[in-house]
Amino acid sequence: MQSMAGVVFVVALAAVTTAPALAQNAPKAYLVVNLDIHDPATFAKYRDAVPAVFQKYGGRFLVAGAEPKALEGNLTLKRVAVIEFPSMEAAQQYRASSEYAAIEEFRTKAARSDIVLLQGVAPR
């Protein structure tokens with residue numbers, strides 16, 4: 001595993017009422033964005049705009065801006081956030097949306113990013 005010294009994990013989400021209808025047993029999806037921010041002023045434009053976009057796709061915060069306590073290993077993290085989507089499809093629709101495309105440039109200009117989409121375990 002690669003060391004992530006000086007890296008910030010940022011994920012932004014808000015609860016929504018316009019999320020697509022989903023089967024109750026569909027596994028949720030989790031989007032993790034790993035950021036190393038070098039232009040905080042430009043990144044603030046992204047941070048301020050992205051929650052409204054997530055709202056349209058059913059996203060919500062699980063963890064936002066937490067300062068992690070290292071227990072094992074060598075990951076050096078400044079802030080961690082985790083977002084949950086109702087499904088992989090909803091997360092992919094968010095990433096492909098014109099609303100996200102309109103603000104994505106703020107993130108790409110302001111930070112080095114690693115983005116991971118994970119599928120959760122289906123409810124039993």
# chains A, B, ... in the order shown; residues from 1 in each chain; ligands from 1
>>> residues_around(residues="Ala44 of chain A", least_positions_apart="5", cutoff="10 Å", atoms="only C-alpha atoms", output="list in words")
Asp39, Ala49, Val50, Phe106, Arg107 and Ala110 of chain A
>>> residues_around(residues="Ala111 of chain A", least_positions_apart="5", cutoff="6 Å", atoms="only C-alpha atoms", output="short mmCIF file (atom, residue, chain, number, x, y, z; two decimals) with C-alpha atoms, in the first residue's frame")
data_model
loop_
_atom_site.label_atom_id
_atom_site.label_comp_id
_atom_site.auth_asym_id
_atom_site.auth_seq_id
_atom_site.Cartn_x
_atom_site.Cartn_y
_atom_site.Cartn_z
CA LEU A 35 -7.15 15.00 -2.16
CA ASP A 36 -3.88 16.82 -1.73
CA ILE A 37 -5.06 20.44 -1.90
CA HIS A 38 -2.57 23.01 -3.15
#
>>> select_by_dssp(residues="segment 34-106 of chain A", states="helix (DSSP H, G or I)", output="MDAnalysis selection string")
chainID A and resid 40:55 88:96 98:106
>>> write_last_selection(atoms="N, CA and C atoms", output="CSV table (one decimal), in the first residue's frame")
chain,number,residue,atom,x,y,z
A,40,PRO,N,-6.3,26.3,-1.8
A,40,PRO,CA,-7.5,26.3,-1.0
A,40,PRO,C,-8.6,27.2,-1.5
A,41,ALA,N,-8.2,28.3,-2.0
A,41,ALA,CA,-9.3,29.3,-2.5
A,41,ALA,C,-10.1,28.7,-3.6
A,42,THR,N,-9.4,28.1,-4.6
A,42,THR,CA,-10.1,27.5,-5.7
A,42,THR,C,-10.9,26.3,-5.2
A,43,PHE,N,-10.3,25.5,-4.3
A,43,PHE,CA,-11.0,24.3,-3.8
A,43,PHE,C,-12.2,24.7,-3.1
A,44,ALA,N,-12.3,25.8,-2.4
A,44,ALA,CA,-13.5,26.3,-1.7
A,44,ALA,C,-14.7,26.4,-2.6
A,45,LYS,N,-14.4,26.8,-3.9
A,45,LYS,CA,-15.5,26.9,-4.8
A,45,LYS,C,-16.2,25.5,-5.1
A,46,TYR,N,-15.3,24.5,-5.2
A,46,TYR,CA,-15.8,23.1,-5.3
A,46,TYR,C,-16.5,22.6,-4.1
A,47,ARG,N,-15.9,22.8,-2.9
A,47,ARG,CA,-16.4,22.4,-1.6
A,47,ARG,C,-17.8,23.0,-1.4
A,48,ASP,N,-18.0,24.3,-1.7
A,48,ASP,CA,-19.2,25.0,-1.5
A,48,ASP,C,-20.3,24.5,-2.5
A,49,ALA,N,-20.0,24.1,-3.7
A,49,ALA,CA,-20.9,23.8,-4.7
A,49,ALA,C,-21.3,22.3,-4.7
A,50,VAL,N,-20.4,21.4,-4.3
A,50,VAL,CA,-20.7,20.0,-4.5
A,50,VAL,C,-21.9,19.4,-3.7
A,51,PRO,N,-22.2,19.9,-2.5
A,51,PRO,CA,-23.3,19.3,-1.8
A,51,PRO,C,-24.6,19.3,-2.6
A,52,ALA,N,-24.9,20.4,-3.2
A,52,ALA,CA,-26.1,20.6,-4.0
A,52,ALA,C,-26.2,19.5,-5.1
A,53,VAL,N,-25.1,19.2,-5.7
A,53,VAL,CA,-25.0,18.2,-6.7
A,53,VAL,C,-25.2,16.8,-6.2
A,54,PHE,N,-24.6,16.5,-5.0
A,54,PHE,CA,-24.8,15.2,-4.4
A,54,PHE,C,-26.3,15.0,-4.0
A,55,GLN,N,-26.9,16.0,-3.6
A,55,GLN,CA,-28.3,15.9,-3.2
A,55,GLN,C,-29.2,15.3,-4.2
A,88,MET,N,-24.6,1.9,-6.6
A,88,MET,CA,-23.5,2.1,-7.5
A,88,MET,C,-24.0,3.0,-8.7
A,89,GLU,N,-25.1,2.7,-9.2
A,89,GLU,CA,-25.7,3.4,-10.3
A,89,GLU,C,-25.9,4.9,-9.9
A,90,ALA,N,-26.4,5.2,-8.7
A,90,ALA,CA,-26.6,6.6,-8.3
A,90,ALA,C,-25.2,7.3,-8.2
A,91,ALA,N,-24.2,6.7,-7.7
A,91,ALA,CA,-22.9,7.3,-7.6
A,91,ALA,C,-22.3,7.5,-9.0
A,92,GLN,N,-22.5,6.6,-9.9
A,92,GLN,CA,-22.0,6.8,-11.3
A,92,GLN,C,-22.8,7.9,-12.0
A,93,GLN,N,-24.1,8.0,-11.8
A,93,GLN,CA,-24.8,9.0,-12.4
A,93,GLN,C,-24.4,10.4,-11.9
A,94,TYR,N,-24.1,10.5,-10.6
A,94,TYR,CA,-23.5,11.7,-10.1
A,94,TYR,C,-22.2,12.1,-10.8
A,95,ARG,N,-21.3,11.2,-10.9
A,95,ARG,CA,-20.0,11.5,-11.6
A,95,ARG,C,-20.2,11.8,-13.0
A,96,ALA,N,-21.2,11.3,-13.7
A,96,ALA,CA,-21.4,11.6,-15.1
A,96,ALA,C,-22.3,12.8,-15.4
A,98,SER,N,-24.0,16.5,-15.7
A,98,SER,CA,-23.6,17.8,-16.2
A,98,SER,C,-23.4,18.8,-15.1
A,99,GLU,N,-24.1,18.6,-14.0
A,99,GLU,CA,-24.0,19.4,-12.8
A,99,GLU,C,-22.6,19.2,-12.2
A,100,TYR,N,-22.1,18.0,-12.1
A,100,TYR,CA,-20.8,17.7,-11.6
A,100,TYR,C,-19.7,18.2,-12.5
A,101,ALA,N,-19.9,18.0,-13.8
A,101,ALA,CA,-19.0,18.5,-14.8
A,101,ALA,C,-18.7,20.0,-14.7
A,102,ALA,N,-19.8,20.7,-14.3
A,102,ALA,CA,-19.7,22.2,-14.2
A,102,ALA,C,-18.8,22.6,-13.1
A,103,ILE,N,-18.6,21.8,-12.1
A,103,ILE,CA,-17.8,22.2,-10.9
A,103,ILE,C,-16.5,21.4,-10.8
A,104,GLU,N,-16.4,20.3,-11.6
A,104,GLU,CA,-15.2,19.4,-11.4
A,104,GLU,C,-13.9,20.2,-11.6
A,105,GLU,N,-13.8,21.1,-12.5
A,105,GLU,CA,-12.6,21.8,-12.8
A,105,GLU,C,-12.0,22.5,-11.6
A,106,PHE,N,-12.9,23.0,-10.7
A,106,PHE,CA,-12.4,23.6,-9.4
A,106,PHE,C,-11.6,22.6,-8.6
>>> atom_distance(atom1="atom CA of Ile115 of chain A", atom2="atom CA of Ala29 of chain A")
13.1 Å
>>> select_by_dssp(residues="segment 31-87 of chain A", states="strand (DSSP E)", output="ChimeraX atom specification")
/A:31-37,60-66,80-85
>>> write_last_selection(atoms="N, CA and C atoms", output="short mmCIF file (atom, residue, chain, number, x, y, z; two decimals), in the first residue's frame")
data_model
loop_
_atom_site.label_atom_id
_atom_site.label_comp_id
_atom_site.auth_asym_id
_atom_site.auth_seq_id
_atom_site.Cartn_x
_atom_site.Cartn_y
_atom_site.Cartn_z
N LEU A 31 -18.27 6.56 -1.97
CA LEU A 31 -17.30 7.30 -2.77
C LEU A 31 -16.28 7.92 -1.83
N VAL A 32 -15.01 7.65 -2.09
CA VAL A 32 -13.92 8.21 -1.30
C VAL A 32 -13.05 8.99 -2.28
N VAL A 33 -12.84 10.25 -1.96
CA VAL A 33 -11.98 11.10 -2.78
C VAL A 33 -10.78 11.49 -1.93
N ASN A 34 -9.62 11.14 -2.40
CA ASN A 34 -8.36 11.42 -1.71
C ASN A 34 -7.76 12.66 -2.36
N LEU A 35 -7.60 13.72 -1.61
CA LEU A 35 -7.15 15.00 -2.16
C LEU A 35 -5.90 15.52 -1.45
N ASP A 36 -5.02 16.06 -2.25
CA ASP A 36 -3.88 16.82 -1.73
C ASP A 36 -4.07 18.23 -2.27
N ILE A 37 -4.64 19.10 -1.46
CA ILE A 37 -5.06 20.44 -1.90
C ILE A 37 -3.88 21.40 -1.90
N ARG A 60 -25.21 11.11 1.10
CA ARG A 60 -25.24 11.67 2.45
C ARG A 60 -23.89 11.45 3.12
N PHE A 61 -23.57 12.38 4.02
CA PHE A 61 -22.34 12.24 4.81
C PHE A 61 -22.45 11.06 5.77
N LEU A 62 -21.40 10.28 5.86
CA LEU A 62 -21.23 9.32 6.95
C LEU A 62 -20.16 9.84 7.90
N VAL A 63 -19.10 10.38 7.34
CA VAL A 63 -18.01 11.00 8.09
C VAL A 63 -17.61 12.23 7.30
N ALA A 64 -17.43 13.35 7.99
CA ALA A 64 -17.04 14.57 7.29
C ALA A 64 -15.97 15.31 8.07
N GLY A 65 -14.79 15.40 7.51
CA GLY A 65 -13.72 16.19 8.10
C GLY A 65 -13.15 15.67 9.40
N ALA A 66 -13.27 14.39 9.65
CA ALA A 66 -12.75 13.83 10.90
C ALA A 66 -11.23 13.82 10.88
N VAL A 80 -10.63 13.07 6.95
CA VAL A 80 -11.29 11.96 6.27
C VAL A 80 -12.79 12.22 6.23
N ALA A 81 -13.37 11.95 5.09
CA ALA A 81 -14.82 11.99 4.95
C ALA A 81 -15.24 10.79 4.12
N VAL A 82 -16.43 10.29 4.38
CA VAL A 82 -16.98 9.16 3.65
C VAL A 82 -18.39 9.53 3.24
N ILE A 83 -18.73 9.27 1.99
CA ILE A 83 -20.10 9.53 1.52
C ILE A 83 -20.74 8.23 1.10
N GLU A 84 -22.03 8.18 1.30
CA GLU A 84 -22.79 7.00 0.94
C GLU A 84 -23.81 7.37 -0.13
N PHE A 85 -23.91 6.54 -1.16
CA PHE A 85 -24.95 6.67 -2.18
C PHE A 85 -25.89 5.48 -2.05
#
>>> atom_distance(atom1="atom CA of Pro86 of chain A", atom2="atom CA of Val116 of chain A")
15.9 Å
>>> residues_around(residues="Pro27 of chain A", least_positions_apart="6", cutoff="9 Å", atoms="only C-alpha atoms", output="count of residues only")
8
>>> atom_distance(atom1="atom CA of Ala70 of chain A", atom2="atom CA of Thr108 of chain A")
28.0 Å
